[in-house]
Amino acid sequence: MADAAVAQAARSGTDDVRPLVRVEGLAKHFDVSPPWLTRVLRHEDRTLVRAVDGVSFDIPAGRTFSLVGESGCGKSTVARLVVGLYNPTAGEVEFDGVSMANLKSRREMAPIRKRLQMIFQDPYASLNPRWRVADIVAEPLRAHGLMTDRRAIQKRVGELLELVRLSARDGEKFPHEFSGGQRQRISIARALASNPEFLVCDEPTSALDVSVQAQILNLMKDLQRELGLTYLFISHDLAVVYHISDYVGVMYLGRLVEWGTARDIFRRPQHPYTRMLLDAIPDLEMSGRQRIPVAGEVPSPIHPPSGCHFHPRCPFANERCKAEEPKAIATPAGGKVRCHAIEEGRLTEEVVQHALGRD
Amino acid sequence: MAIAPEEIQVSPGLFGRVIDGGRRFFDGDIFYAFKKSPLTIAAFVVTVLMFAIALSAHWLAPFDTMNLSSLNLMDARLPPIGWQFNDGGMMVDPDPRFLLGTDEQGRDLLSAMMFGLQISLEVGFASVILAAVFGTLLGLVSGYAGGRVDSFIMRVADVQLTFPAILIALLIDGATRTMMDPDTHQAFKLPILILAIAASQWVNFARTVRGSTLVEKNKEYVQAARVIGIRPSLIMIRHVLPNVLGPVLVIATLSLAIAILTEATLSFLGVGVPATEPSLGTLIRLGQNVLFSGMWWLTIYPSLVLVILVLAVNLLGDWLRDALNPRLR
């Protein structure tokens with residue numbers, strides 16, 4: 001059912017489902033300058049880390065949008081911006097038609113807070129070690145005043161723990177009594193307590209071993225089907241992303257370089273960076289084939305390269321790539337890509353094959 | 001699988017939790033580390049004994065030294081049991097009623113020391129609790145809020161750190177002495193002393209708690225609470241505070257020893273507790289006036305008790321610091 005809708009969306013280039021979350025020109029610059037006096041003495045300007053620099057995407061209700069990229073590309077910062085842990089430097093996040101930038105006070109935020117929740121990367125740090133699991137899971141219920149009766153809360157906590165395939169009796173234990181995978185389930189139970197529609201998952205599986213990763217991912221997919229959840233999924237693991245996503249955005253140094261449906265990104269990647277990432281996935285059937293090696297390192301976001309951020313590592317870069325920032329253009333499949341080479345038609349299959357030494 | 005409400009285990013009440021916590025404590029690493037260290041056990045026993053004596057001084061003390069009418073000059077200048085005292089060419093034998101001898105007014109030294117211990121501990125505890133509460137709160141706010149609030153509190157702390165407790169106490173004492181009439185000044189001496197000692201100690205608490213708070217506030221459970229929408233004040237108290245209290249306990253114990261010593265120093269200098277409530281430090285000061293006339297016991301015994309008390313509390317604090325440090329386990 002979901003697949004059909006996605007395929008339909010891919011054909012028409014749009015999704016019929018209303019966007020639950022809209023991210024528009026989102027940017028976050030961190031000030032990492034030395035103190036004022038030091039700056040004055042050394043005649044330095046402020047130093048900014050452009051962690052996120054103008055990112056826009058929509059997430060249709062009930063779908064999963066994944067952000068992928070190398071470490072330090074700003075994907076976790078996007079996650080924190082979307083849930084409001086950081087205030088954006090520019091741009092805005094719109095949730096169900098309401099711009100979060102307009103919600104200044106905590107009271108105005110409260111109705112939205114209930115509807116969006118977050119799952120964190122490190123299951124060992126995301127649960128307060130001094131709290132019992134039942135209290136951890138019940139925290140959103142109590143915080144939003146959804147329930148006040150002790151027995152009702154207990155019942156709901158039991159249900160939530162069962163929902164994530166734990167036992168209701170586990171509520172009496174402390175977090176240190178659980179394994180990493182079980183803790184991640186507790187995290188999910190807490191996130192689900194206030195009946196949210198939208199979950200931001202910041203690398204929820206990267207701290208877990210592979211067999212447990214699959215369990216958590218399948219649980220998340222099941223929950224999405226049962227509860228109609230919308231996910232913003234952050235990961236650097238493309239196999240995980242392929243498994244769970246409807247839409248994928250590829251980030252490089254604070255910018256989205258290519259985005260579209262998961263099927264298109266994985267089957268017909270356009271951007272040289274996307275191709276490079278996908279070529280790095282180990283593949284048993286294709287062993288021994290030529291790959292574009294993942295060359296070079298991510299440049300520092302304090303001094304990002306001019307023009308297209310990717311040009312120092314791109315085999316197809318020319319002078320224009322060094323000077324001018326590429327605009328987003330539509331791909332034949334209905335996605336978007338930012339690349340001068342594609343825009344100019346320079347990036348034909350022949351050229352790519354030649355770069356791989358396969359012709 | 002659906003679960004019926006009656007299947008859900010009702011969480012244990014307060015009593016259950018206390019029993020539970022007790023069992024965990026005695027099975028836990030800390031109690032194990034305690035059992036393994038005879039020195040710590042000795043320090044613990046001495047400390048508890050001192051506390052017990054101080055608390056029950058009113059019942060234990062053979063004489064009520066606070067009551068001036070009970071004093072008899074005939075009992076003055078008696079040496080401790082087992083010693084003789086050459087009082088101006090006349091040999092004085094000890095009196096069995098006065099185990100540790102008497103002072104020039106015929107006050108029983110043992111009783112005076114019991115009351116003195118009580119006052120020393122009172123001042124020590126009061127100042128440490130005051131310093132711990134203020135220091136912890138300021139450190140918590142400083143670390144959690146960051147930015148200008150943090151800079152402000154920490155600069156105040158830096159300034160505070162340049163003033164030793166003795167200087168602060170002398171300053172406050174001098175200032176209040178000129179502002180108040182002597183009677184009021186006497187009445188306010190104890191609170192002022194406690195304030196002065198606390199003022200010199202809150203910085204330790206604030207700095208440590210700030211450091212731990214900086215670590216804790218970036219942990220994901222704090223961010224999770226923020227995403228849920230918990231008020232910052234509640235996050236600080238319910239999430240961060242319980243996780244930064246470990247070091248506070250250690251500093252409190254070590255500070256107690258320092259506080260007792262500071263109080264003794266100040267009382268020795270005469271700016272400490274009022275003369276009507278002599279602490280161990282006061283006793284030492286009064287004793288050293290007559291030290292060279294041969295009445296050594298008035299200085300030696302209170303000093304000995306002070307040294308043993310401070311040593312025991314310090315050993316306990318040291319052990320606690322090691323026991324709570326996961327890297328040393």
# chains A, B, ... in the order shown; residues from 1 in each chain; ligands from 1

call {"tool": "closest_atom_pairs", "arguments": {"of": "chain B", "to": "chain A", "cutoff": "6 Å", "atoms": "only C-alpha atoms", "output": "Markdown table"}}
result
| residue | atom | partner | partner_atom | distance |
| --- | --- | --- | --- | --- |
| B:Lys219 | CA | A:Ala125 | CA | 5.8 |
| B:Glu220 | CA | A:Ser126 | CA | 4.3 |
| B:Tyr221 | CA | A:Ser126 | CA | 4.0 |
| B:Ile228 | CA | A:Pro140 | CA | 5.9 |

call {"tool": "closest_residue", "arguments": {"among": "B:Arg231, B:Arg321, B:Arg238, B:Arg210", "to": "Val250 in chain B", "atoms": "only C-alpha atoms"}}
result
B:Arg321

call {"tool": "atom_distance", "arguments": {"atom1": "CA of Val48 in chain B", "atom2": "CA of Thr253 in chain B"}}
result
13.3 Å

call {"tool": "residues_around", "arguments": {"residues": "Val215 in chain B", "least_positions_apart": "6", "cutoff": "12 Å", "atoms": "only C-alpha atoms", "output": "number ranges by chain"}}
result
A: 125; B: 140, 143-144, 208-209, 221-222, 240, 243-244

call {"tool": "write_last_selection", "arguments": {"atoms": "C-alpha atoms", "output": "PDB file, in the first residue's frame"}}
result
ATOM      1  CA  ALA A 125      22.883   8.117  27.585  1.00  0.00           C
TER       2      ALA A 125
ATOM      3  CA  LEU B 140      23.612  23.802  38.823  1.00  0.00           C
ATOM      4  CA  GLY B 143      26.340  25.002  34.425  1.00  0.00           C
ATOM      5  CA  TYR B 144      22.861  24.564  32.997  1.00  0.00           C
ATOM      6  CA  THR B 208      32.290  20.779  41.091  1.00  0.00           C
ATOM      7  CA  VAL B 209      28.546  20.765  40.470  1.00  0.00           C
ATOM      8  CA  TYR B 221      18.394  12.047  28.588  1.00  0.00           C
ATOM      9  CA  VAL B 222      18.447  15.771  29.329  1.00  0.00           C
ATOM     10  CA  VAL B 240      20.544  16.736  36.484  1.00  0.00           C
ATOM     11  CA  ASN B 243      23.239  12.695  38.739  1.00  0.00           C
ATOM     12  CA  VAL B 244      25.647  15.292  40.128  1.00  0.00           C
TER      13      VAL B 244
END

call {"tool": "select_by_dssp", "arguments": {"residues": "range 22-263 of chain A", "states": "strand (DSSP E)", "output": "ChimeraX atom specification"}}
result
/A:22-31,48-60,64-68,90-95,98-99,116-119,198-202,230-235,247-252,255-261

call {"tool": "write_last_selection", "arguments": {"atoms": "C-alpha atoms", "output": "short mmCIF file (atom, residue, chain, number, x, y, z; two decimals), in the first residue's frame"}}
result
data_model
loop_
_atom_site.label_atom_id
_atom_site.label_comp_id
_atom_site.auth_asym_id
_atom_site.auth_seq_id
_atom_site.Cartn_x
_atom_site.Cartn_y
_atom_site.Cartn_z
CA ARG A 22 7.97 21.34 6.02
CA VAL A 23 11.53 22.48 6.37
CA GLU A 24 12.27 25.68 4.51
CA GLY A 25 15.75 27.16 4.05
CA LEU A 26 16.82 25.88 7.44
CA ALA A 27 20.25 27.04 8.60
CA LYS A 28 22.19 26.78 11.83
CA HIS A 29 25.49 28.52 12.34
CA PHE A 30 27.40 27.87 15.56
CA ASP A 31 29.59 30.62 16.91
CA LEU A 48 31.16 30.39 12.45
CA VAL A 49 30.55 26.72 11.87
CA ARG A 50 27.92 26.46 9.17
CA ALA A 51 26.56 23.14 10.39
CA VAL A 52 23.37 23.46 8.37
CA ASP A 53 23.23 25.93 5.52
CA GLY A 54 19.90 26.21 3.78
CA VAL A 55 18.11 22.87 3.85
CA SER A 56 14.56 22.45 2.56
CA PHE A 57 12.41 19.35 2.37
CA ASP A 58 8.88 18.12 2.99
CA ILE A 59 7.86 15.01 4.84
CA PRO A 60 4.42 13.69 3.87
CA THR A 64 9.77 8.16 6.34
CA PHE A 65 12.24 10.74 5.18
CA SER A 66 15.89 9.84 5.70
CA LEU A 67 18.85 12.14 5.81
CA VAL A 68 22.13 10.48 4.93
CA ALA A 90 17.64 31.18 9.37
CA GLY A 91 14.71 29.41 7.79
CA GLU A 92 11.86 27.70 9.53
CA VAL A 93 10.31 24.42 10.44
CA GLU A 94 6.60 24.10 9.85
CA PHE A 95 4.71 21.38 11.63
CA VAL A 98 2.19 25.88 12.03
CA SER A 99 5.56 27.56 11.95
CA LEU A 116 6.59 15.31 17.92
CA GLN A 117 9.14 13.27 19.76
CA MET A 118 12.70 12.16 19.32
CA ILE A 119 14.66 8.92 19.58
CA PHE A 198 6.05 12.58 14.12
CA LEU A 199 9.23 10.94 15.38
CA VAL A 200 12.71 12.25 14.75
CA CYS A 201 15.13 9.35 14.93
CA ASP A 202 18.75 10.42 15.24
CA THR A 230 5.85 9.95 10.27
CA TYR A 231 9.60 9.57 10.63
CA LEU A 232 12.56 11.81 10.05
CA PHE A 233 15.33 9.25 10.05
CA ILE A 234 18.97 10.25 10.39
CA SER A 235 21.60 7.71 9.50
CA TYR A 247 12.27 9.42 0.75
CA VAL A 248 15.95 10.08 1.04
CA GLY A 249 17.91 13.31 1.22
CA VAL A 250 21.66 13.22 0.77
CA MET A 251 23.48 15.87 2.77
CA TYR A 252 26.94 17.18 2.19
CA ARG A 255 23.44 21.27 2.29
CA LEU A 256 21.14 18.79 0.61
CA VAL A 257 22.79 17.75 -2.65
CA GLU A 258 20.14 15.33 -3.85
CA TRP A 259 16.74 14.25 -2.64
CA GLY A 260 13.89 12.15 -3.90
CA THR A 261 12.20 8.83 -3.35
#

call {"tool": "atom_distance", "arguments": {"atom1": "CA of Leu311 in chain B", "atom2": "CA of Val123 in chain B"}}
result
17.5 Å

call {"tool": "select_by_dssp", "arguments": {"residues": "range 132-175 of chain A", "states": "helix (DSSP H, G or I)", "output": "PyMOL selection string"}}
result
chain A and resi 133-143+150-163+168-172+175

call {"tool": "atom_distance", "arguments": {"atom1": "CA of Asn289 in chain B", "atom2": "CA of Phe268 in chain B"}}
result
10.9 Å

call {"tool": "residues_around", "arguments": {"residues": "Leu161 in chain B", "least_positions_apart": "3", "cutoff": "12 Å", "atoms": "only C-alpha atoms", "output": "MDAnalysis selection string"}}
result
chainID B and resid 154:158 164:165 167:168 199:204 206:207

call {"tool": "write_last_selection", "arguments": {"atoms": "C-alpha atoms", "output": "CSV table (one decimal), in the first residue's frame"}}
result
chain,number,residue,atom,x,y,z
B,154,MET,CA,32.0,31.8,38.2
B,155,ARG,CA,33.7,35.2,38.4
B,156,VAL,CA,32.1,35.8,41.8
B,157,ALA,CA,33.4,32.4,42.8
B,158,ASP,CA,36.9,33.3,41.7
B,164,PRO,CA,40.4,32.9,53.0
B,165,ALA,CA,37.7,32.0,55.5
B,167,LEU,CA,39.8,36.9,56.5
B,168,ILE,CA,36.1,36.8,55.8
B,199,ALA,CA,31.0,31.7,52.4
B,200,SER,CA,34.5,30.3,52.1
B,201,GLN,CA,33.3,26.8,51.1
B,202,TRP,CA,30.4,27.2,48.7
B,203,VAL,CA,32.8,27.8,45.8
B,204,ASN,CA,34.1,24.2,46.0
B,206,ALA,CA,29.6,25.3,42.9
B,207,ARG,CA,32.6,24.5,40.8

call {"tool": "residues_around", "arguments": {"residues": "Arg285 in chain B", "least_positions_apart": "2", "cutoff": "12 Å", "atoms": "only C-alpha atoms", "output": "list in words"}}
result
Ala264, Thr265, Leu266, Ser267, Phe268, Leu269, Gly270, Val271, Gly272, Val273, Ala275, Pro278, Ser279, Leu280, Gly281, Thr282, Leu283, Gly287, Gln288, Asn289, Val290, Leu291, Leu298, Thr299, Ile300, Pro302 and Ser303 of chain B

call {"tool": "closest_residue", "arguments": {"among": "B:Thr47, B:Ser233, B:Gln105, B:Ser56", "to": "Ser70 in chain B", "atoms": "only C-alpha atoms"}}
result
B:Gln105

call {"tool": "closest_residue", "arguments": {"among": "B:Met113, B:Met295, B:Ile251, B:Ile30", "to": "Ala61 in chain B", "atoms": "only C-alpha atoms"}}
result
B:Met113
